$ cat protein30.cif   # mmCIF, C-alpha atoms
data_protein
#
loop_
_atom_site.group_PDB
_atom_site.id
_atom_site.type_symbol
_atom_site.label_atom_id
_atom_site.label_comp_id
_atom_site.auth_asym_id
_atom_site.auth_seq_id
_atom_site.Cartn_x
_atom_site.Cartn_y
_atom_site.Cartn_z
ATOM 1 C CA MET T 1 68.214 40.441 130.323
ATOM 2 C CA ASP T 2 67.844 40.025 126.579
ATOM 3 C CA SER T 3 64.085 39.931 126.961
ATOM 4 C CA THR T 4 63.843 43.357 128.586
ATOM 5 C CA PRO T 5 61.866 45.721 126.371
ATOM 6 C CA GLN T 6 63.749 48.574 124.764
ATOM 7 C CA SER T 7 62.688 52.063 125.766
ATOM 8 C CA THR T 8 60.672 53.915 123.196
ATOM 9 C CA ALA T 9 59.429 57.455 122.785
ATOM 10 C CA GLU T 10 55.858 56.110 122.923
ATOM 11 C CA ASN T 11 56.033 54.962 126.507
ATOM 12 C CA GLY T 12 57.646 58.189 127.659
ATOM 13 C CA GLY T 13 61.108 56.683 127.500
ATOM 14 C CA GLY T 14 60.403 54.354 130.378
ATOM 15 C CA ARG T 15 62.986 51.786 131.209
ATOM 16 C CA PRO T 16 61.647 48.444 132.386
ATOM 17 C CA PRO T 17 61.111 48.060 136.120
ATOM 18 C CA ILE T 18 63.902 46.299 137.956
ATOM 19 C CA PRO T 19 62.598 43.059 139.477
ATOM 20 C CA GLN T 20 62.503 43.380 143.256
ATOM 21 C CA ASP T 21 64.162 40.016 143.800
ATOM 22 C CA MET T 22 66.951 40.722 141.341
ATOM 23 C CA ALA T 23 70.241 39.490 142.713
ATOM 24 C CA PHE T 24 72.845 42.204 142.477
ATOM 25 C CA GLU T 25 75.486 41.094 140.071
ATOM 26 C CA PRO T 26 77.295 44.334 139.268
ATOM 27 C CA SER T 27 78.640 43.506 135.816
ATOM 28 C CA ARG T 28 75.222 42.297 134.683
ATOM 29 C CA PHE T 29 73.539 45.288 136.328
ATOM 30 C CA GLY T 30 76.083 47.507 134.583
ATOM 31 C CA LYS T 31 75.149 46.163 131.188
ATOM 32 C CA PHE T 32 71.474 46.715 132.019
ATOM 33 C CA MET T 33 72.223 50.237 133.175
ATOM 34 C CA MET T 34 74.217 51.160 130.107
ATOM 35 C CA LYS T 35 71.302 50.588 127.796
ATOM 36 C CA HIS T 36 68.700 52.727 129.492
ATOM 37 C CA GLY T 37 67.777 56.196 130.633
ATOM 38 C CA HIS T 38 70.241 58.805 131.804
ATOM 39 C CA THR T 39 73.021 56.347 132.556
ATOM 40 C CA GLY T 40 72.673 54.984 129.032
ATOM 41 C CA PHE T 41 72.718 58.465 127.535
ATOM 42 C CA VAL T 42 75.892 59.594 129.298
ATOM 43 C CA GLY T 43 77.493 56.245 128.492
ATOM 44 C CA MET T 44 78.414 54.793 131.878
ATOM 45 C CA GLU T 45 80.274 51.513 131.922
ATOM 46 C CA TYR T 46 80.837 48.909 134.620
ATOM 47 C CA ARG T 47 84.538 48.262 135.318
ATOM 48 C CA ALA T 48 85.023 46.353 138.571
ATOM 49 C CA HIS T 49 83.664 45.769 142.052
ATOM 50 C CA GLY T 50 84.591 44.350 145.465
ATOM 51 C CA PRO T 51 82.805 43.589 148.755
ATOM 52 C CA ASN T 52 81.749 47.201 149.409
ATOM 53 C CA TRP T 53 83.033 49.116 146.411
ATOM 54 C CA ILE T 54 82.411 49.592 142.729
ATOM 55 C CA GLU T 55 84.247 51.174 139.838
ATOM 56 C CA LEU T 56 82.468 52.702 136.833
ATOM 57 C CA GLY T 57 83.759 54.520 133.770
ATOM 58 C CA LEU T 58 82.497 57.400 131.647
ATOM 59 C CA PRO T 59 84.236 57.898 128.298
ATOM 60 C CA TRP T 60 84.775 61.521 127.200
ATOM 61 C CA ARG T 61 82.289 62.674 124.602
ATOM 62 C CA GLU T 62 81.949 65.968 122.783
ATOM 63 C CA ASP T 63 78.257 66.440 123.608
ATOM 64 C CA LEU T 64 78.986 66.103 127.346
ATOM 65 C CA VAL T 65 81.415 69.014 127.367
ATOM 66 C CA GLY T 66 80.846 71.901 129.797
ATOM 67 C CA ASP T 67 83.418 74.308 128.401
ATOM 68 C CA PRO T 68 83.694 74.355 124.592
ATOM 69 C CA GLU T 69 86.885 76.467 124.770
ATOM 70 C CA THR T 70 88.804 73.788 126.636
ATOM 71 C CA GLY T 71 86.825 70.604 125.935
ATOM 72 C CA VAL T 72 86.545 69.855 129.659
ATOM 73 C CA LEU T 73 83.564 67.647 130.528
ATOM 74 C CA ALA T 74 80.592 69.285 132.249
ATOM 75 C CA SER T 75 80.328 68.465 135.914
ATOM 76 C CA GLY T 76 76.776 67.131 135.497
ATOM 77 C CA PRO T 77 77.863 63.801 133.969
ATOM 78 C CA ILE T 78 80.559 63.454 136.667
ATOM 79 C CA ILE T 79 77.914 63.900 139.389
ATOM 80 C CA SER T 80 75.753 61.311 137.634
ATOM 81 C CA LEU T 81 78.681 58.878 137.525
ATOM 82 C CA LEU T 82 79.479 59.391 141.215
ATOM 83 C CA ASP T 83 75.774 59.122 142.103
ATOM 84 C CA ASN T 84 75.553 55.731 140.384
ATOM 85 C CA ALA T 85 78.889 54.450 141.655
ATOM 86 C CA THR T 86 78.124 55.384 145.267
ATOM 87 C CA SER T 87 74.607 53.959 144.945
ATOM 88 C CA MET T 88 75.854 50.662 143.522
ATOM 89 C CA SER T 89 78.489 50.384 146.269
ATOM 90 C CA VAL T 90 75.622 50.053 148.761
ATOM 91 C CA TRP T 91 74.199 47.107 146.824
ATOM 92 C CA ALA T 92 77.667 45.587 146.605
ATOM 93 C CA LEU T 93 77.964 45.690 150.415
ATOM 94 C CA ARG T 94 74.379 44.552 150.961
ATOM 95 C CA GLY T 95 74.848 41.702 148.512
ATOM 96 C CA GLY T 96 71.543 42.473 146.848
ATOM 97 C CA PHE T 97 69.477 45.155 145.270
ATOM 98 C CA ARG T 98 67.205 47.219 147.518
ATOM 99 C CA PRO T 99 65.388 50.427 146.597
ATOM 100 C CA GLN T 100 67.059 53.579 147.863
ATOM 101 C CA VAL T 101 67.040 57.278 147.045
ATOM 102 C CA THR T 102 69.748 59.935 147.336
ATOM 103 C CA LEU T 103 69.351 62.138 150.419
ATOM 104 C CA ASP T 104 72.313 64.317 149.649
ATOM 105 C CA LEU T 105 75.476 64.313 147.630
ATOM 106 C CA ARG T 106 78.443 66.633 147.920
ATOM 107 C CA ILE T 107 81.154 66.883 145.276
ATOM 108 C CA ASP T 108 84.476 68.709 145.568
ATOM 109 C CA TYR T 109 86.042 69.396 142.188
ATOM 110 C CA VAL T 110 89.747 69.338 142.925
ATOM 111 C CA ARG T 111 90.859 69.850 139.328
ATOM 112 C CA ALA T 112 89.474 69.969 135.816
ATOM 113 C CA ALA T 113 89.090 66.624 134.034
ATOM 114 C CA THR T 114 91.532 66.119 131.161
ATOM 115 C CA PRO T 115 89.711 66.559 127.824
ATOM 116 C CA GLY T 116 89.475 63.325 125.859
ATOM 117 C CA LYS T 117 90.125 61.033 128.828
ATOM 118 C CA THR T 118 87.675 58.534 130.335
ATOM 119 C CA ILE T 119 86.536 59.470 133.848
ATOM 120 C CA ILE T 120 86.725 56.609 136.322
ATOM 121 C CA ALA T 121 84.705 56.665 139.533
ATOM 122 C CA TRP T 122 85.629 54.477 142.490
ATOM 123 C CA ALA T 123 83.090 54.494 145.305
ATOM 124 C CA GLU T 124 82.544 52.647 148.573
ATOM 125 C CA CYS T 125 79.804 52.239 151.131
ATOM 126 C CA TYR T 126 81.630 52.771 154.439
ATOM 127 C CA GLN T 127 78.603 52.475 156.779
ATOM 128 C CA LEU T 128 75.374 50.631 156.154
ATOM 129 C CA LYS T 129 72.606 51.201 158.720
ATOM 130 C CA THR T 130 68.949 50.176 158.786
ATOM 131 C CA SER T 131 67.720 53.387 157.166
ATOM 132 C CA MET T 132 70.821 55.096 155.817
ATOM 133 C CA ALA T 133 73.820 54.125 153.753
ATOM 134 C CA PHE T 134 76.892 56.369 154.001
ATOM 135 C CA VAL T 135 79.051 56.510 150.896
ATOM 136 C CA ARG T 136 82.116 58.228 149.495
ATOM 137 C CA GLY T 137 83.886 58.195 146.179
ATOM 138 C CA ILE T 138 86.690 59.493 144.006
ATOM 139 C CA ALA T 139 86.643 60.393 140.325
ATOM 140 C CA HIS T 140 89.901 60.428 138.381
ATOM 141 C CA ASP T 141 91.065 60.158 134.798
ATOM 142 C CA GLY T 142 93.671 57.403 135.036
ATOM 143 C CA ASP T 143 95.546 57.934 138.296
ATOM 144 C CA ILE T 144 93.505 57.624 141.477
ATOM 145 C CA ALA T 145 96.275 59.462 143.339
ATOM 146 C CA ASP T 146 95.543 62.515 141.180
ATOM 147 C CA PRO T 147 91.748 62.826 141.520
ATOM 148 C CA VAL T 148 89.387 65.053 139.602
ATOM 149 C CA ALA T 149 86.663 65.032 142.260
ATOM 150 C CA HIS T 150 85.735 63.673 145.683
ATOM 151 C CA ALA T 151 82.190 62.747 146.645
ATOM 152 C CA ALA T 152 80.370 62.109 149.916
ATOM 153 C CA GLY T 153 76.723 61.236 150.218
ATOM 154 C CA ILE T 154 73.907 59.426 151.973
ATOM 155 C CA PHE T 155 71.274 57.131 150.525
ATOM 156 C CA ILE T 156 67.964 56.466 152.278
ATOM 157 C CA GLN T 157 66.709 52.902 152.153
ATOM 158 C CA VAL T 158 63.061 52.980 151.053
ATOM 159 C CA ASP T 159 60.173 50.578 150.552
ATOM 160 C CA ALA T 160 59.796 49.064 147.120
ATOM 161 C CA ASP T 161 56.264 50.493 147.064
ATOM 162 C CA GLY T 162 56.432 53.832 145.282
ATOM 163 C CA TRP T 163 60.123 53.583 144.428
ATOM 164 C CA SER T 164 59.358 53.298 140.743
ATOM 165 C CA ARG T 165 56.305 54.458 138.849
ATOM 166 C CA GLU T 166 54.699 54.577 135.441
ATOM 167 C CA PRO T 167 55.752 57.603 133.376
ATOM 168 C CA GLU T 168 53.221 60.424 132.993
ATOM 169 C CA THR T 169 51.080 59.965 129.934
ATOM 170 C CA LYS T 170 51.004 62.790 127.440
ATOM 171 C CA ALA T 171 47.773 64.817 127.697
ATOM 172 C CA MET E 1 68.921 86.544 127.105
ATOM 173 C CA THR E 2 70.114 85.472 123.657
ATOM 174 C CA ASP E 3 73.703 85.991 124.846
ATOM 175 C CA LEU E 4 73.051 83.797 127.854
ATOM 176 C CA ALA E 5 71.412 81.103 125.743
ATOM 177 C CA ASN E 6 74.593 81.068 123.641
ATOM 178 C CA ARG E 7 76.532 80.206 126.775
ATOM 179 C CA LEU E 8 74.657 76.965 127.366
ATOM 180 C CA PRO E 9 77.364 74.289 126.998
ATOM 181 C CA PRO E 10 77.034 71.201 124.779
ATOM 182 C CA TYR E 11 76.035 69.070 127.810
ATOM 183 C CA ALA E 12 73.108 71.385 128.635
ATOM 184 C CA ARG E 13 71.933 71.381 125.006
ATOM 185 C CA ALA E 14 72.242 67.608 124.765
ATOM 186 C CA MET E 15 70.072 67.258 127.877
ATOM 187 C CA GLY E 16 67.459 69.566 126.346
ATOM 188 C CA MET E 17 67.982 72.463 128.755
ATOM 189 C CA ARG E 18 66.967 75.931 127.631
ATOM 190 C CA ILE E 19 66.557 79.428 129.045
ATOM 191 C CA GLU E 20 62.930 80.454 129.310
ATOM 192 C CA GLY E 21 63.552 84.083 130.270
ATOM 193 C CA LEU E 22 63.989 85.717 133.642
ATOM 194 C CA LEU E 23 62.256 84.814 136.873
ATOM 195 C CA ASP E 24 62.648 87.284 139.743
ATOM 196 C CA GLY E 25 65.705 88.716 137.996
ATOM 197 C CA ALA E 26 67.584 85.443 137.360
ATOM 198 C CA PRO E 27 67.616 83.142 134.312
ATOM 199 C CA LEU E 28 64.921 80.468 134.399
ATOM 200 C CA LEU E 29 66.141 77.095 133.104
ATOM 201 C CA ALA E 30 63.717 74.533 131.723
ATOM 202 C CA MET E 31 64.258 70.924 130.745
ATOM 203 C CA ASP E 32 61.627 68.757 129.071
ATOM 204 C CA PHE E 33 61.471 65.215 130.347
ATOM 205 C CA SER E 34 63.223 62.720 128.103
ATOM 206 C CA ASP E 35 64.651 59.238 128.415
ATOM 207 C CA ARG E 36 68.052 60.957 128.668
ATOM 208 C CA ALA E 37 67.089 62.231 132.129
ATOM 209 C CA MET E 38 65.479 59.053 133.534
ATOM 210 C CA GLY E 39 66.918 57.312 136.567
ATOM 211 C CA ARG E 40 64.883 54.712 138.475
ATOM 212 C CA PRO E 41 61.776 53.862 136.466
ATOM 213 C CA GLY E 42 59.412 56.824 136.220
ATOM 214 C CA TYR E 43 61.716 59.274 137.997
ATOM 215 C CA LEU E 44 64.399 61.768 137.025
ATOM 216 C CA HIS E 45 68.005 60.700 137.627
ATOM 217 C CA GLY E 46 69.616 62.505 140.559
ATOM 218 C CA GLY E 47 72.574 63.369 138.353
ATOM 219 C CA ALA E 48 70.300 64.931 135.729
ATOM 220 C CA ILE E 49 68.675 67.072 138.455
ATOM 221 C CA ALA E 50 72.104 68.057 139.807
ATOM 222 C CA GLY E 51 73.244 68.847 136.247
ATOM 223 C CA LEU E 52 70.257 71.174 135.763
ATOM 224 C CA LEU E 53 70.890 72.851 139.143
ATOM 225 C CA GLU E 54 74.522 73.433 138.172
ATOM 226 C CA ILE E 55 73.624 74.967 134.818
ATOM 227 C CA ALA E 56 71.047 77.214 136.562
ATOM 228 C CA ALA E 57 73.734 78.306 139.051
ATOM 229 C CA ILE E 58 76.253 78.951 136.267
ATOM 230 C CA MET E 59 73.761 80.974 134.206
ATOM 231 C CA ALA E 60 72.729 82.987 137.282
ATOM 232 C CA LEU E 61 76.392 83.856 137.864
ATOM 233 C CA HIS E 62 76.931 84.862 134.203
ATOM 234 C CA ALA E 63 73.883 87.148 134.486
ATOM 235 C CA GLU E 64 74.960 88.583 137.847
ATOM 236 C CA LEU E 65 78.491 89.396 136.633
ATOM 237 C CA GLY E 66 77.076 91.474 133.772
ATOM 238 C CA GLU E 67 79.845 93.381 131.987
ATOM 239 C CA GLU E 68 82.482 91.776 134.208
ATOM 240 C CA ASP E 69 81.513 88.396 132.766
ATOM 241 C CA ALA E 70 83.544 88.982 129.589
ATOM 242 C CA LYS E 71 86.693 89.663 131.646
ATOM 243 C CA VAL E 72 86.685 86.615 133.907
ATOM 244 C CA ARG E 73 86.552 82.839 133.870
ATOM 245 C CA PHE E 74 84.981 80.875 136.680
ATOM 246 C CA LYS E 75 85.006 77.235 137.601
ATOM 247 C CA PRO E 76 83.017 75.202 140.112
ATOM 248 C CA VAL E 77 84.875 74.392 143.337
ATOM 249 C CA ASN E 78 82.164 72.317 144.948
ATOM 250 C CA ILE E 79 78.484 71.537 145.094
ATOM 251 C CA SER E 80 76.210 70.037 147.700
ATOM 252 C CA VAL E 81 72.839 68.803 146.509
ATOM 253 C CA GLU E 82 69.945 67.898 148.762
ATOM 254 C CA TYR E 83 67.171 65.836 147.255
ATOM 255 C CA LEU E 84 63.748 66.761 148.600
ATOM 256 C CA ARG E 85 61.242 64.946 146.380
ATOM 257 C CA GLY E 86 61.312 62.516 143.500
ATOM 258 C CA GLY E 87 61.248 64.222 140.098
ATOM 259 C CA ILE E 88 58.614 62.737 137.821
ATOM 260 C CA THR E 89 58.521 62.505 134.023
ATOM 261 C CA VAL E 90 57.371 66.069 133.320
ATOM 262 C CA GLU E 91 59.081 69.394 132.557
ATOM 263 C CA THR E 92 61.525 70.584 135.223
ATOM 264 C CA PHE E 93 62.590 74.156 136.014
ATOM 265 C CA ALA E 94 65.548 75.553 137.899
ATOM 266 C CA ARG E 95 66.752 78.950 139.006
ATOM 267 C CA GLY E 96 70.009 80.040 140.589
ATOM 268 C CA GLU E 97 70.473 82.816 143.134
ATOM 269 C CA VAL E 98 73.861 84.475 143.507
ATOM 270 C CA ILE E 99 74.302 84.967 147.252
ATOM 271 C CA ARG E 100 77.609 86.764 146.886
ATOM 272 C CA ALA E 101 79.935 87.399 143.960
ATOM 273 C CA GLY E 102 83.272 88.634 145.238
ATOM 274 C CA ARG E 103 86.542 89.149 143.397
ATOM 275 C CA ARG E 104 87.688 85.533 143.784
ATOM 276 C CA ILE E 105 84.743 83.501 145.053
ATOM 277 C CA ALA E 106 81.069 83.381 144.165
ATOM 278 C CA ASN E 107 78.502 81.596 146.330
ATOM 279 C CA VAL E 108 75.393 80.507 144.470
ATOM 280 C CA ARG E 109 72.290 78.568 145.485
ATOM 281 C CA ALA E 110 69.855 76.916 143.112
ATOM 282 C CA GLU E 111 66.501 75.203 143.299
ATOM 283 C CA ALA E 112 64.674 72.877 140.908
ATOM 284 C CA TRP E 113 60.932 72.254 140.769
ATOM 285 C CA GLN E 114 58.256 70.896 138.467
ATOM 286 C CA ALA E 115 54.587 72.011 138.404
ATOM 287 C CA ASP E 116 54.757 73.889 141.726
ATOM 288 C CA ARG E 117 57.654 76.197 142.539
ATOM 289 C CA THR E 118 56.823 76.020 146.249
ATOM 290 C CA LYS E 119 57.528 72.262 146.189
ATOM 291 C CA PRO E 120 61.172 71.986 145.126
ATOM 292 C CA LEU E 121 62.632 68.653 143.988
ATOM 293 C CA ALA E 122 66.139 69.531 145.001
ATOM 294 C CA SER E 123 68.310 72.418 146.051
ATOM 295 C CA CYS E 124 72.027 73.014 146.082
ATOM 296 C CA TRP E 125 74.744 75.407 147.043
ATOM 297 C CA MET E 126 77.773 75.849 144.816
ATOM 298 C CA ASN E 127 81.036 77.738 145.210
ATOM 299 C CA PHE E 128 82.943 79.091 142.212
ATOM 300 C CA LEU E 129 86.488 80.322 141.853
ATOM 301 C CA ILE E 130 86.686 83.466 139.722
ATOM 302 C CA LYS E 131 89.853 84.365 137.832
ATOM 303 C CA PRO E 132 90.648 87.188 135.421
ATOM 304 C CA LYS E 133 90.900 86.076 131.793
ATOM 305 C CA VAL E 134 94.500 86.054 130.654
#
$ encode --input "protein30.cif" --output "structure tokens"
Amino acid sequence: MDSTPQSTAENGGGRPPIPQDMAFEPSRFGKFMMKHGHTGFVGMEYRAHGPNWIELGLPWREDLVGDPETGVLASGPIISLLDNATSMSVWALRGGFRPQVTLDLRIDYVRAATPGKTIIAWAECYQLKTSMAFVRGIAHDGDIADPVAHAAGIFIQVDADGWSREPETKA
Amino acid sequence: MTDLANRLPPYARAMGMRIEGLLDGAPLLAMDFSDRAMGRPGYLHGGAIAGLLEIAAIMALHAELGEEDAKVRFKPVNISVEYLRGGITVETFARGEVIRAGRRIANVRAEAWQADRTKPLASCWMNFLIKPKV
């Protein structure tokens, strides 16, 4: 992992392609994820995983706030966290990385996140089919019995061909 | 429009979102591609697209409420995003459409696209709870 090139403005901010045969080791994948792209920007962290579930964290940060009057985080970063956690839960269940894309994702915001607190997302893949993976998740800020948001979604399993691409070059 | 631009929250600014004016009567959001928005290599992150859709929906509701906007607060109740195409590493646009703004609930839809508005990347519906400011 140490040999992966750092993203630069020159290459359009591209993060290095993920090797197709990469074994899915969530803590290692988490460290990879944290350094690059959107997940790196919002500051996601790997916390724990099990046979079909994964737990990620997102520390509160001032530039991720959605309401300056209250300091409550924007919902965008919470969706991103739940998107990644649900996505990684599929790989946890599969026992390996396979390209997939989000078909749909629904989030119910049951209460505002507490300003200053890290958001924790716990997500599981509850059905894995040939083409579709069905996932659900919970975001909370310390007590999973008092959630901030619930998520439900579906990922489509896709061919490696076309899953990633070279960034557009500047004209 | 300046007033609306002032309502863009820190998250939207950090992601490089801006208001480009009005399109068919609703605020048009634009976001340049940056590494901050990248998901799988060469594509926009689904969360970054959802974040842009949400901001477009929120700005559309601010605009729709007009003078009422100063008297109320609203918060998102839920969102459902459908992903239609992969977003590539170019500028992305989004526009919200207020379907109904009642006294307590507002129902808003939003769409995001890149070069061609008729080929959306993603769409969503969102529900908001509206409360009088105390």
$ atom_distance --input "protein30.cif" --atom1 "atom CA of Gly16 of chain E" --atom2 "atom CA of Ala152 of chain T"
27.9 Å
$ closest_residue --input "protein30.cif" --among "E:Leu4, E:Ile49, E:Ala60, E:Val81" --to "Asp24 of chain E" --atoms "only C-alpha atoms"
E:Ala60
$ resolve_selection --input "protein30.cif" --expression "the PyMOL selection byres ((chain T) within 6 of (chain E))" --output "ChimeraX atom specification"
/T:13,15,17,37-38,41,63-66,76,79-80,103-109,164-168
$ closest_residue --input "protein30.cif" --among "E:Leu61, E:Arg95, E:Ala70, E:Asp3" --to "Pro27 of chain E" --atoms "all atoms listed in the file"
E:Arg95
$ closest_residue --input "protein30.cif" --among "T:Thr130, T:Gln157, T:Thr39, T:Ser27" --to "Pro77 of chain T" --atoms "only C-alpha atoms"
T:Thr39
$ residues_around --input "protein30.cif" --residues "Ala63 of chain E" --least-positions-apart "4" --cutoff "12 Å" --atoms "all atoms listed in the file" --output "JSON list (two decimals) with C-alpha atoms, keeping the file's coordinate frame"
[["chain", "number", "residue", "atom", "x", "y", "z"],
["E", 1, "MET", "CA", 68.92, 86.54, 127.10],
["E", 2, "THR", "CA", 70.11, 85.47, 123.66],
["E", 3, "ASP", "CA", 73.70, 85.99, 124.85],
["E", 4, "LEU", "CA", 73.05, 83.80, 127.85],
["E", 5, "ALA", "CA", 71.41, 81.10, 125.74],
["E", 7, "ARG", "CA", 76.53, 80.21, 126.78],
["E", 19, "ILE", "CA", 66.56, 79.43, 129.04],
["E", 21, "GLY", "CA", 63.55, 84.08, 130.27],
["E", 22, "LEU", "CA", 63.99, 85.72, 133.64],
["E", 25, "GLY", "CA", 65.70, 88.72, 138.00],
["E", 26, "ALA", "CA", 67.58, 85.44, 137.36],
["E", 27, "PRO", "CA", 67.62, 83.14, 134.31],
["E", 28, "LEU", "CA", 64.92, 80.47, 134.40],
["E", 56, "ALA", "CA", 71.05, 77.21, 136.56],
["E", 57, "ALA", "CA", 73.73, 78.31, 139.05],
["E", 58, "ILE", "CA", 76.25, 78.95, 136.27],
["E", 59, "MET", "CA", 73.76, 80.97, 134.21],
["E", 67, "GLU", "CA", 79.84, 93.38, 131.99],
["E", 68, "GLU", "CA", 82.48, 91.78, 134.21],
["E", 69, "ASP", "CA", 81.51, 88.40, 132.77],
["E", 70, "ALA", "CA", 83.54, 88.98, 129.59],
["E", 95, "ARG", "CA", 66.75, 78.95, 139.01],
["E", 96, "GLY", "CA", 70.01, 80.04, 140.59],
["E", 97, "GLU", "CA", 70.47, 82.82, 143.13],
["E", 98, "VAL", "CA", 73.86, 84.48, 143.51],
["E", 101, "ALA", "CA", 79.94, 87.40, 143.96]]
$ closest_residue --input "protein30.cif" --among "E:Arg103, E:Lys133, E:Asp32, E:Arg18" --to "Asn6 of chain E" --atoms "only C-alpha atoms"
E:Arg18
$ resolve_selection --input "protein30.cif" --expression "the PyMOL selection byres ((chain T and resi 134-137) around 8)" --output "list in words"
Leu82, Ala85, Thr86, Ser87, Ser89, Val90, Ala121, Trp122, Ala123, Glu124, Cys125, Tyr126, Gln127, Leu128, Met132, Ala133, Ile138, Ala139, His150, Ala151, Ala152, Gly153, Ile154 and Phe155 of chain T
$ closest_residue --input "protein30.cif" --among "T:Leu93, T:Ala160, T:Met88, T:Leu58" --to "His140 of chain T" --atoms "only C-alpha atoms"
T:Leu58
$ atom_distance --input "protein30.cif" --atom1 "atom CA of Leu65 of chain E" --atom2 "atom CA of Arg109 of chain E"
15.3 Å
$ closest_residue --input "protein30.cif" --among "T:Ala92, T:Leu73, T:Ala48, T:Val101" --to "Ser131 of chain T" --atoms "all atoms listed in the file"
T:Val101
$ atom_distance --input "protein30.cif" --atom1 "atom CA of Tyr46 of chain T" --atom2 "atom CA of Arg94 of chain T"
18.1 Å
$ resolve_selection --input "protein30.cif" --expression "the PyMOL selection byres ((chain E and resi 74) around 7)" --output "list in words"
Val72, Arg73, Lys75, Pro76, Phe128, Leu129, Ile130 and Lys131 of chain E
$ residues_near_point --input "protein30.cif" --point "(96.2, 62.1, 124.7)" --cutoff "12 Å" --atoms "all atoms listed in the file" --output "ChimeraX atom specification"
/T:60,114-118,141-142
$ write_last_selection --input "protein30.cif" --atoms "C-alpha atoms" --output "mmCIF file, keeping the file's coordinate frame"
data_model
loop_
_atom_site.group_PDB
_atom_site.id
_atom_site.type_symbol
_atom_site.label_atom_id
_atom_site.label_comp_id
_atom_site.auth_asym_id
_atom_site.auth_seq_id
_atom_site.Cartn_x
_atom_site.Cartn_y
_atom_site.Cartn_z
ATOM 1 C CA TRP T 60 84.775 61.521 127.200
ATOM 2 C CA THR T 114 91.532 66.119 131.161
ATOM 3 C CA PRO T 115 89.711 66.559 127.824
ATOM 4 C CA GLY T 116 89.475 63.325 125.859
ATOM 5 C CA LYS T 117 90.125 61.033 128.828
ATOM 6 C CA THR T 118 87.675 58.534 130.335
ATOM 7 C CA ASP T 141 91.065 60.158 134.798
ATOM 8 C CA GLY T 142 93.671 57.403 135.036
#
$ build_atoms --input "protein30.cif" --residues "segment 36-48 of chain E" --atoms "N, CA and C atoms" --output "short mmCIF file (atom, residue, chain, number, x, y, z; two decimals), keeping the file's coordinate frame"
data_model
loop_
_atom_site.label_atom_id
_atom_site.label_comp_id
_atom_site.auth_asym_id
_atom_site.auth_seq_id
_atom_site.Cartn_x
_atom_site.Cartn_y
_atom_site.Cartn_z
N ARG E 36 66.68 60.57 128.30
CA ARG E 36 68.05 60.96 128.67
C ARG E 36 68.19 61.38 130.12
N ALA E 37 67.05 61.72 130.76
CA ALA E 37 67.09 62.23 132.13
C ALA E 37 66.54 61.22 133.14
N MET E 38 66.15 60.04 132.66
CA MET E 38 65.48 59.05 133.53
C MET E 38 66.46 58.25 134.38
N GLY E 39 66.15 58.15 135.66
CA GLY E 39 66.92 57.31 136.57
C GLY E 39 66.15 56.04 136.86
N ARG E 40 65.74 55.86 138.16
CA ARG E 40 64.88 54.71 138.48
C ARG E 40 63.59 54.89 137.69
N PRO E 41 62.92 53.78 137.38
CA PRO E 41 61.78 53.86 136.47
C PRO E 41 60.74 54.90 136.89
N GLY E 42 60.44 55.82 135.96
CA GLY E 42 59.41 56.82 136.22
C GLY E 42 59.89 58.08 136.93
N TYR E 43 61.17 58.12 137.27
CA TYR E 43 61.72 59.27 138.00
C TYR E 43 62.97 59.83 137.31
N LEU E 44 63.18 61.13 137.53
CA LEU E 44 64.40 61.77 137.02
C LEU E 44 65.63 61.21 137.75
N HIS E 45 66.73 61.11 137.03
CA HIS E 45 68.00 60.70 137.63
C HIS E 45 68.55 61.85 138.50
N GLY E 46 69.07 61.49 139.67
CA GLY E 46 69.62 62.50 140.56
C GLY E 46 70.73 63.32 139.91
N GLY E 47 71.49 62.67 139.05
CA GLY E 47 72.57 63.37 138.35
C GLY E 47 72.03 64.36 137.33
N ALA E 48 70.91 64.02 136.71
CA ALA E 48 70.30 64.93 135.73
C ALA E 48 69.75 66.16 136.45
#
